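**Q** Starting off with a structure, shown below.
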Amino acid sequence: MNPSSISLPPVASPHHLTGNSISRIMLTVCAALMPATLFAFWLYGWPAIFLWLVTVLSALAGEALCLRLSERPVAAVLGDGSALLTGWLLAMSLPPWAPWWIGALGGLFATVIAKQVFGGLGCNLFNPAMVARVFLLISFPVPMTAWVAPLPITAATAPGLHDGLMILLNGVPQLDAIASASLLSFAKTELSRGVDLVHALSGAAAPASSLIGARAGSLGETASLLIAAGGALLLITGVIRWHIPAAMAAGLVVPAAIAHAVDPARYLDVATHLLSGGATLGLFFIATDYVTSPNTKAGQLVFGAGCGLLTFIIRTWGGYPEGVAFAVLLMNALTPVIDRYLRPRILGRDWRGAPLNPETERAKS
Amino acid sequence: MGLIETFLHRFAAPRWGVHPDDHKRPAADAPLRQLPLPERLYLPLQQHVGQPARPIVLPGQKVRKGQLVAEAQGRISAPVHASTSGTVAAIGEITAPHPSGLPFSAITLIPDGNDSAGDIDIVADPFALAPDEIAERVAAAGIVGLGGATFPSAAKLALGKRSKVTTLIVNGGECEPYLSCDDRIMRDHAADVVDGIRLMMHAIGAREALVGIEDNKPEAIAAMRRAAAGFAEVTVRPVPARYPMGSDRQLIQTLTGKEVPSDCRAADVGVIVNNVSTANAVHRALRLGEPLIRRIVTVNGGAVWQPGNLMVPVGALVSDLLDFVGLKSEPARLVMGGPMMGSVLPHAQVPVVKGTAGVLAFNEDDIATPPPSPCIRCGSCTQACPVGLLPLEMAALIRNDRLKDAAVLGLPDCIACGCCAYICPSHLPLVQYFSHAKSELWAQERSTLRMEATRKLAAERAVRLERDAREKAETAARRKAERAAQKAAQAAAEAALSTENAA
Amino acid sequence: MFAAVISLTLLGALLGLGLGVAATRFAVEGDPLVDELIALMPGSNCGQCGMAGCAAAAQAIAEGSATVTVCPAGGKALATMLGEKLGISVDLGDIVDDGPKLAVIAEEICIGCCRCLKVCPTDAMIGAPKQIHNVIREACTGCGNCIERCPTGAATLQPVPVTLPHWVWPKPAPALA
């Protein structure tokens with residue numbers, strides 16, 4: 001042994017770490033999104049693929065630009081995969097045939113304004129993908145609500161490579177010809193026209209069709225089954241815990257079930273709530289975002305329940321047909337408060353932080 | 001272990017902690033080897049919690065094996081004995097097994113190779129001794145907690161007796177990866193361990209002893225069950241293998257359901273925890289009259305040629321151990337203790353102390369640590385923390401030098417187990433944040449105390465100066481008065497004289 | 001229209017009344033801050049801060065003409081306490097804390113002049129005329145007054161060596177990104 005091999009400065013324990021890393025987590029989430037994304041590509045064809053590419057690339061470009069400006073290592077930080085995931089999640093929530101500038105603007109907004117302005121990864125208060133989506137929805141309501149019915153890439157009428165590019169650049173040529181309302185906006189429109197839901201939905205697709213994505217919607221809201229499969233993968237690999245998805249599902253399902261039982265003519269049924277809009281994507285992929293959700297179990301339950309409840313409220317009584325993005329953003333704002341008040345109990349102390357009484361502990365056996 | 005038990009343990013597994021790869025085998029299965037006597041031994045005076053021992057030998061003096069070379073000082077302290085026979089070469093300083101690389105005092109002993117022991121004082125039946133007498137003998141043998149905490153065992157036994165402890169928990173958890181010295185001692189010396197447990201129960205007056213062993217050590221569980229078969233008061237209880245099961249508060253909660261209040265000691269809830277190696281040391285002290293002069297040390301890690309357990313005299317250098325087991329490559333990092341809580345060593349010229357459970361020589365692959373990235377608030381640390389703290393929040397406060405706020409969040413309850421830093425996907429050095437904050441807060445407390453003392457001294461000086469000035473003024477006034485009186489008397493006398501003359 | 005005007009007027013009047021009452025009811029006599037700060041200071045009036053004494057330094061801190069890190073003897077602990085009292089965040093990086101120092105007297109040079117005894121703010125010097133002086137380590141604050149007065153240079157400030165129990169873990173370097 002060489003006695004002079006002094007290791008300075010001292011390294012603290014532990015000397016043994018998990019192989020886990022931020023990039024591994026982010027890439028696992030991307031992998032979980034993959035089946036639903038590929039299926040959506042097949043459903044909506046080339047325009048959707050191009051839009052996805054534009055959104056992801058602009059999210060990465062926005063991140064790179066900010067890193068360059070703040071003189072931080074660009075390659076290392078881009079490599080953590082968080083900007084990729086942000087762009088991906090945003091793309092999943094856009095209308096599949098939206099024009100290119102929607103994706104580009106959204107991707108840049110997500111990483112530059114919603115993430116890097118706050119200080120980058122880990123510092124943002126709000127979910128970047130949802131901030132960008134809401135920004136787009138408020139600023140450009142028409143292209144953001146122009147849904148198209150699925151037109152599988154293999155279908156004869158589906159736009160080819162060239163037509164797809166044209167749609168991306170110029171928008172949908174004859175929107176009315178193929179436009180179709182998503183289930184939730186259809187229900188909202190019918191209700192506002194005074195048609196009750198029992199009649200309105202009798203002709204609409206059954207909720208079961210949402211499972212496999214056979215109706216209009218964004219990339220991420222069509223095939224609930226594949227999204228849920230991705231969610232299951234996240235749960236199994238331990239990337240997310242069950243608390244937020246379960247609480248959010250409960251927060252959405254319980255009031256929906258009660259309301260629907262009271263008046264089926266005015267309130268949508270549970271299956272529609274759970275399977276349409278971004279609900280499935282939201283409860284597995286959006287609300288579970290580490291940075292913007294509470295980090296104790298109790299806090300996550302409250303957070304999830306709040307997301308679910310707010311989604312129900314916004315969908316039922318709000319001005320917009322879909323409420324997941326707003327609900328998640330509202331609960332994001334509450335996260336610091338939840339984290340402050342719902343702390344875990346410290347071993348040997350009661351909930352208020354006072355030491356336990358030794359005599360009661362001694363009496364236990 | 002029965003099927004039902006296995007099932008129960010799978011589901012009763014605690015929700016805290018982490019489950020690192022244990023890396024215990026093949027080192028745990030290799031037979032125990034004896035380290036040959038090194039050329040020099042360095043016996044540190046501070047191998048325990050409390051006051052350092054005071055040397056009672058002089059350089060040049062010949063000592064026998066087991067002879068007292070430094071006596072305990074104060075109530076919480078432990079004596080040091082010669083690990084072998086030889087000559088005291090010096091009393092000086094050697095690098096401490098501590099990340100700082102600072103020196104501490106040690107007695108240098110040159111072994112004569114005879115390993116001859118002095119007179120041995122053994123009683124025929126230690127169970128006939130009074131409990132206090134057992135504690136005294138344990139104190140005289142210099143036994144400290146061998147699990148790593150190195151709290152003087154006799155003080156603990158006395159505390160147990162005072163606090164009417166009913167349950168002795170024997171810690172065979174050994175939850176640290178890589179280490180297997182406790183496993184080895186339970187496999188090889190189960191009967192001795194059980195005897196030591198019964199002696200400690202006698203000293204405390206405990207009714208039952210629960211031996212908690214992690215279920216990844218089936219051989220040790222079987223050996224201990226066989227050894228404890230004849231004693232109804234000693235029960236072997238397998239516990240789920242989950243780090244940090246070997247931490248006393250976690251083990252107490254798992255075995256008894258009791259939670260030690262954060263401002264209390266385990267004895268306050270009627271429990272005392274001792275390590276299996278400590279039990280073995282108690283057995284050797286009372287049955288063989290041998291003080292704590294040797295221990296089993298696990299030598300392991302990717303850079304070690306023949307990992308395994310060694311019987312090592314206290315005071316041998318880490319380099320002696322590494323030379324004996326052989327190195328595949330120059331170690332990238334040396335650690336004393338386990339990988340989760342052990343101290344990094346500045347170099348290999350540091351002595352093995354009583355609390356050394358392991359010496360780990362890691363190669364580059366073992367310790368590959370990516371650079372830290374920002375916290376993504378994933379909450380893994382909160383979930384892993386066995387104490388229920390919020391490591392990410394505390395670290396964020398400490399990063400901004402808000403140490404007192406971190407203390408309010410529970411920093412003093414942190415046991416530095418390392419679960420948070422182990423699990424962190426951002427590879428943040430969380431334990432270092434907490435160690436920094438704790439030591440910085442202690443330093444600030446010390447300087448506050450010092451400042452208060454200064455203020456008192458300054459006030460006293462002000463009082464003294466005032467008194468001095470007053471006294472000086474009084475003396476001056478008195479002198480003046482005296483002089484005036486003298487003058488007056490003189491004047492009076494002169495006046496009388498002149499009157500007389502005139503008359 | 002009228003309802004709004006009236007309600008706002010009422011609201012304003014009520015709040016104004018509340019503020020006025022609070023101002024008289026909870027009025028603070030004098031400035032207790034300086035006294036509170038003086039109570040926190042070491043009180044040895046060693047003069048290391050360059051001011052006339054601890055009271056003057058406290059006055060300066062209260063007025064804002066000196067920072068809370070002004071007192072070298074108090075160090076980080078005092079700066080933190082003062083910062084808490086004043087409700088300001090303290091940048092401890094400002095403090096040049098190159099470790100505590102204590103006065104040491106070289107016995108072979110000391111002539112027993114007693115000048116250091118007179119200037120020591122904490123009576124940490126012991127000795128008598130024509131006797132070699134010494135320092136009580138526990139009482140010395142390392143202010144350096146004795147160093148200036150010593151005619152032979154026997155008194156010097158020596159850093160206190162860091163020992164194991166007093167070692168402080170360094171703060172980790174900040175994360176890259």
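The chains in the structure tokens are called A, B, ... from first to last as shown; in each chain the residues are counted from 1, and the ligands are counted from 1 in the order shown.
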Using only C-alpha atoms, I'd like a table of the residues in chain B that come within 7 Å of chain A; for each, show the closest atom pair and its distance in Å rounded to one decimal, ordered by chain and ascending number, as a Markdown table.
**A**
| residue | atom | partner | partner_atom | distance |
| --- | --- | --- | --- | --- |
| B:Pro99 | CA | A:Pro10 | CA | 5.4 |
| B:Ser100 | CA | A:Pro10 | CA | 6.5 |
| B:Thr256 | CA | A:Ser365 | CA | 6.0 |
| B:Gly257 | CA | A:Ser365 | CA | 6.9 |
| B:Lys258 | CA | A:Glu361 | CA | 5.4 |
| B:Glu259 | CA | A:Gly348 | CA | 5.7 |
| B:Val260 | CA | A:Gly348 | CA | 5.3 |
| B:Pro261 | CA | A:Gly348 | CA | 3.9 |
| B:Ser262 | CA | A:Gly348 | CA | 4.5 |
| B:Asp263 | CA | A:Pro355 | CA | 6.2 |
| B:Asp268 | CA | A:Pro358 | CA | 6.1 |
| B:Val269 | CA | A:Arg362 | CA | 4.1 |
| B:Gly270 | CA | A:Arg362 | CA | 5.7 |
| B:Ser319 | CA | A:Met1 | CA | 6.3 |
| B:Pro339 | CA | A:His15 | CA | 4.9 |
| B:Met340 | CA | A:Pro14 | CA | 4.1 |
| B:Met341 | CA | A:Ser13 | CA | 5.4 |
| B:Gly342 | CA | A:Ser13 | CA | 6.3 |
| B:Ser343 | CA | A:Ser13 | CA | 6.7 |
| B:Val344 | CA | A:Val11 | CA | 6.5 |
| B:Pro346 | CA | A:Ile6 | CA | 4.7 |
| B:His347 | CA | A:Ile6 | CA | 5.4 |
| B:Ala348 | CA | A:Pro3 | CA | 6.0 |
| B:Gln349 | CA | A:Pro3 | CA | 6.1 |
| B:Ile367 | CA | A:His15 | CA | 6.0 |
| B:Pro374 | CA | A:Gly122 | CA | 6.4 |
| B:Cys375 | CA | A:Gly122 | CA | 5.6 |
| B:Ile376 | CA | A:Gly122 | CA | 4.3 |
| B:Arg377 | CA | A:Val291 | CA | 5.0 |
| B:Cys378 | CA | A:Tyr290 | CA | 4.7 |
| B:Gly379 | CA | A:Asn295 | CA | 4.7 |
| B:Thr382 | CA | A:Thr296 | CA | 6.8 |
| B:Val387 | CA | A:Leu347 | CA | 4.9 |
| B:Gly388 | CA | A:Ile346 | CA | 4.5 |
| B:Leu389 | CA | A:Ile346 | CA | 6.1 |
| B:Gly418 | CA | A:Pro14 | CA | 5.5 |
| B:Ala421 | CA | A:Pro14 | CA | 6.8 |
| B:Tyr422 | CA | A:Leu17 | CA | 4.6 |
| B:Ile423 | CA | A:Thr18 | CA | 5.8 |
| B:Pro425 | CA | A:Ser21 | CA | 4.1 |
| B:Ser426 | CA | A:Ser21 | CA | 5.9 |
| B:Val431 | CA | A:Ala12 | CA | 6.6 |
| B:Gln432 | CA | A:Ala12 | CA | 5.3 |
**Q** Could you give me, as a PyMOL selection string, each residue of segment 15-138 of chain C that DSSP assigns to alpha helix (DSSP H) when run on this structure's backbone?
**A** chain C and resi 15-25+32-40+54-63+75-86+115-119
**Q** What are the residues of chain B that have an atom within 10 Å of an atom of chain C, counting only C-alpha atoms, as a ChimeraX atom specification?
**A** /B:96,98-104,371-375,398-404,426-462,464
**Q** May I ask which of the residues A:Gly106, A:Ala40, A:Val131, A:Gln116 is the closest one to chain C, counting only C-alpha atoms?
**A**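 Ranked by minimum distance to chain C, first place goes to A:Gln116.
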**Q** Extract, using only C-alpha atoms, all DNA, RNA and protein residues at most 12 Å from Gly81 of chain A, discarding same-chain residues fewer than 6 positions from it, and format them as a compact mmCIF listing (two decimals) with all heavy atoms, in the first residue's frame.
**A**
# COMPACT_ATOMS: atom_id res chain seq x y z
N SER A 21 -30.80 6.75 -11.93
CA SER A 21 -30.38 8.11 -12.28
C SER A 21 -31.56 8.82 -12.91
O SER A 21 -32.56 8.18 -13.27
CB SER A 21 -29.21 8.07 -13.26
OG SER A 21 -29.64 7.51 -14.46
N ILE A 22 -31.44 10.13 -13.04
CA ILE A 22 -32.53 10.92 -13.61
C ILE A 22 -32.81 10.44 -15.03
O ILE A 22 -33.97 10.22 -15.40
CB ILE A 22 -32.16 12.41 -13.62
CG1 ILE A 22 -32.02 12.91 -12.18
CG2 ILE A 22 -33.21 13.22 -14.35
CD1 ILE A 22 -31.64 14.36 -12.10
N SER A 23 -31.75 10.22 -15.81
CA SER A 23 -32.00 9.86 -17.20
C SER A 23 -32.68 8.50 -17.28
O SER A 23 -33.55 8.27 -18.12
CB SER A 23 -30.71 9.86 -18.01
OG SER A 23 -29.75 9.09 -17.37
N ARG A 24 -32.33 7.57 -16.35
CA ARG A 24 -32.98 6.27 -16.39
C ARG A 24 -34.49 6.43 -16.10
O ARG A 24 -35.32 5.82 -16.77
CB ARG A 24 -32.35 5.33 -15.37
CG ARG A 24 -33.01 3.96 -15.40
CD ARG A 24 -32.49 3.05 -14.34
NE ARG A 24 -31.15 2.57 -14.66
CZ ARG A 24 -30.60 1.52 -14.06
NH1 ARG A 24 -31.24 0.89 -13.11
NH2 ARG A 24 -29.38 1.13 -14.37
N ILE A 25 -34.81 7.28 -15.12
CA ILE A 25 -36.22 7.49 -14.80
C ILE A 25 -36.97 8.08 -15.99
O ILE A 25 -38.01 7.59 -16.40
CB ILE A 25 -36.34 8.44 -13.58
CG1 ILE A 25 -35.84 7.73 -12.33
CG2 ILE A 25 -37.77 8.90 -13.39
CD1 ILE A 25 -35.72 8.64 -11.13
N MET A 26 -36.37 9.13 -16.58
CA MET A 26 -37.03 9.81 -17.68
C MET A 26 -37.21 8.87 -18.87
O MET A 26 -38.25 8.85 -19.52
CB MET A 26 -36.22 11.04 -18.12
CG MET A 26 -36.08 12.11 -17.05
SD MET A 26 -37.66 12.83 -16.60
CE MET A 26 -37.24 13.75 -15.13
N LEU A 27 -36.18 8.06 -19.14
CA LEU A 27 -36.28 7.16 -20.29
C LEU A 27 -37.29 6.05 -20.02
O LEU A 27 -37.96 5.58 -20.95
CB LEU A 27 -34.90 6.59 -20.63
CG LEU A 27 -33.93 7.66 -21.14
CD1 LEU A 27 -32.57 7.05 -21.46
CD2 LEU A 27 -34.49 8.38 -22.36
N THR A 28 -37.42 5.63 -18.75
CA THR A 28 -38.45 4.63 -18.43
C THR A 28 -39.83 5.20 -18.72
O THR A 28 -40.70 4.52 -19.28
CB THR A 28 -38.37 4.22 -16.95
OG1 THR A 28 -37.02 3.91 -16.64
CG2 THR A 28 -39.25 3.03 -16.66
N VAL A 29 -40.03 6.48 -18.34
CA VAL A 29 -41.34 7.09 -18.60
C VAL A 29 -41.58 7.17 -20.10
O VAL A 29 -42.68 6.88 -20.59
CB VAL A 29 -41.41 8.49 -17.95
CG1 VAL A 29 -42.77 9.11 -18.21
CG2 VAL A 29 -41.17 8.40 -16.46
N CYS A 30 -40.54 7.54 -20.85
CA CYS A 30 -40.68 7.60 -22.31
C CYS A 30 -41.03 6.23 -22.87
O CYS A 30 -41.90 6.10 -23.75
CB CYS A 30 -39.39 8.11 -22.95
SG CYS A 30 -39.08 9.84 -22.59
N ALA A 31 -40.37 5.20 -22.33
CA ALA A 31 -40.66 3.84 -22.80
C ALA A 31 -42.10 3.47 -22.50
O ALA A 31 -42.77 2.81 -23.30
CB ALA A 31 -39.70 2.85 -22.13
N VAL A 56 -41.22 17.83 -29.87
CA VAL A 56 -40.10 17.32 -29.06
C VAL A 56 -38.83 18.10 -29.39
O VAL A 56 -38.09 18.53 -28.49
CB VAL A 56 -39.91 15.81 -29.32
CG1 VAL A 56 -38.59 15.35 -28.76
CG2 VAL A 56 -41.07 15.03 -28.70
N ALA A 59 -38.88 21.56 -27.90
CA ALA A 59 -38.67 21.52 -26.45
C ALA A 59 -37.18 21.36 -26.15
O ALA A 59 -36.61 22.06 -25.29
CB ALA A 59 -39.45 20.36 -25.83
N LEU A 60 -36.51 20.47 -26.90
CA LEU A 60 -35.07 20.27 -26.70
C LEU A 60 -34.31 21.54 -27.07
O LEU A 60 -33.37 21.94 -26.36
CB LEU A 60 -34.59 19.09 -27.55
CG LEU A 60 -35.05 17.71 -27.08
CD1 LEU A 60 -34.71 16.66 -28.13
CD2 LEU A 60 -34.40 17.35 -25.75
N GLU A 63 -34.60 24.16 -24.33
CA GLU A 63 -33.76 23.81 -23.18
C GLU A 63 -32.29 24.13 -23.50
O GLU A 63 -31.58 24.75 -22.71
CB GLU A 63 -33.93 22.33 -22.86
CG GLU A 63 -33.07 21.86 -21.70
CD GLU A 63 -33.90 21.46 -20.50
OE1 GLU A 63 -34.97 22.08 -20.31
OE2 GLU A 63 -33.49 20.57 -19.77
N VAL A 74 -24.55 21.85 -21.79
CA VAL A 74 -25.73 21.58 -22.60
C VAL A 74 -25.94 20.08 -22.77
O VAL A 74 -27.02 19.55 -22.48
CB VAL A 74 -25.61 22.27 -23.97
CG1 VAL A 74 -26.79 21.90 -24.85
CG2 VAL A 74 -25.54 23.78 -23.78
N ALA A 75 -24.90 19.39 -23.20
CA ALA A 75 -25.06 17.97 -23.54
C ALA A 75 -25.47 17.16 -22.31
O ALA A 75 -26.39 16.34 -22.37
CB ALA A 75 -23.76 17.43 -24.11
N GLY A 87 -41.47 17.56 -23.89
CA GLY A 87 -41.95 17.73 -25.25
C GLY A 87 -42.90 16.61 -25.65
O GLY A 87 -43.94 16.84 -26.26
N TRP A 88 -42.53 15.41 -25.29
CA TRP A 88 -43.32 14.24 -25.62
C TRP A 88 -44.72 14.34 -25.00
O TRP A 88 -45.75 14.14 -25.67
CB TRP A 88 -42.60 12.99 -25.11
CG TRP A 88 -43.09 11.70 -25.68
CD1 TRP A 88 -44.38 11.37 -25.99
CD2 TRP A 88 -42.29 10.55 -25.99
NE1 TRP A 88 -44.44 10.09 -26.46
CE2 TRP A 88 -43.17 9.56 -26.49
CE3 TRP A 88 -40.92 10.27 -25.91
CZ2 TRP A 88 -42.71 8.31 -26.86
CZ3 TRP A 88 -40.48 9.01 -26.29
CH2 TRP A 88 -41.37 8.04 -26.77
N LEU A 121 -34.50 22.16 -14.23
CA LEU A 121 -35.05 20.92 -13.68
C LEU A 121 -35.13 20.97 -12.15
O LEU A 121 -34.18 21.34 -11.48
CB LEU A 121 -34.17 19.75 -14.11
CG LEU A 121 -34.62 18.36 -13.66
CD1 LEU A 121 -35.97 18.03 -14.24
CD2 LEU A 121 -33.61 17.32 -14.06
**Q** Atom CA of Val54 of chain A and atom CA of Trp100 of chain A, how far apart in Å?
**A**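 Result for atom CA of Trp100 of chain A versus atom CA of Val54 of chain A: 6.7 Å, one decimal.
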**Q** For segment 165-174 of chain B, list every protein, DNA or RNA residue within 6 Å, evaluated using only C-alpha atoms, and leave out those in the same chain fewer than 5 positions away; present the list as a PDB file with C-alpha atoms, in the first residue's frame.
**A**
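Below is the file selection.pdb, written as the result:
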ATOM      1  CA  GLY B 160     -30.102  -0.889  32.104  1.00  0.00           C
ATOM      2  CA  ALA B 206     -33.588  -8.531  32.187  1.00  0.00           C
ATOM      3  CA  ARG B 207     -36.260 -11.218  31.895  1.00  0.00           C
ATOM      4  CA  GLU B 208     -35.931 -12.006  28.216  1.00  0.00           C
ATOM      5  CA  ALA B 209     -33.451 -11.661  25.409  1.00  0.00           C
ATOM      6  CA  LEU B 210     -34.478 -11.303  21.778  1.00  0.00           C
ATOM      7  CA  VAL B 211     -31.801 -12.025  19.219  1.00  0.00           C
ATOM      8  CA  GLY B 212     -32.714 -10.223  15.990  1.00  0.00           C
ATOM      9  CA  ILE B 213     -30.973 -11.692  12.942  1.00  0.00           C
ATOM     10  CA  GLU B 214     -31.678 -10.649   9.361  1.00  0.00           C
ATOM     11  CA  GLY B 246     -29.274  -3.055  12.542  1.00  0.00           C
ATOM     12  CA  GLY B 270     -37.288  -0.843  29.106  1.00  0.00           C
ATOM     13  CA  VAL B 271     -34.999  -2.106  26.358  1.00  0.00           C
ATOM     14  CA  ILE B 272     -31.247  -2.337  25.931  1.00  0.00           C
ATOM     15  CA  VAL B 273     -29.588  -3.227  22.646  1.00  0.00           C
ATOM     16  CA  ASN B 274     -26.233  -4.948  22.460  1.00  0.00           C
ATOM     17  CA  ASN B 275     -24.393  -6.392  19.525  1.00  0.00           C
ATOM     18  CA  VAL B 276     -23.660 -10.148  19.185  1.00  0.00           C
TER      19      VAL B 276
END
**Q** Point out the residue among B:Asp215, B:Asp248, B:Asp188, B:Glu93 with the least atom-to-atom distance to Asn309 of chain B, counting only C-alpha atoms.
**A** B:Asp188
**Q** Go through A:Gly220, A:Ala110, A:Leu226, A:Leu67 and flag the residue nearest chain C, using only C-alpha atoms for the distances.
**A** A:Leu67
**Q** With distances taken over only C-alpha atoms, which residue among A:Leu136, A:Cys66, A:Val337, A:Ala48 lies nearest chain C?
**A**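 Among the listed residues, the smallest separation from chain C belongs to A:Cys66.
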**Q** In Å, how far is it from atom CA of Gly147 of chain B to atom CA of Ser85 of chain B?
**A** 26.8 Å
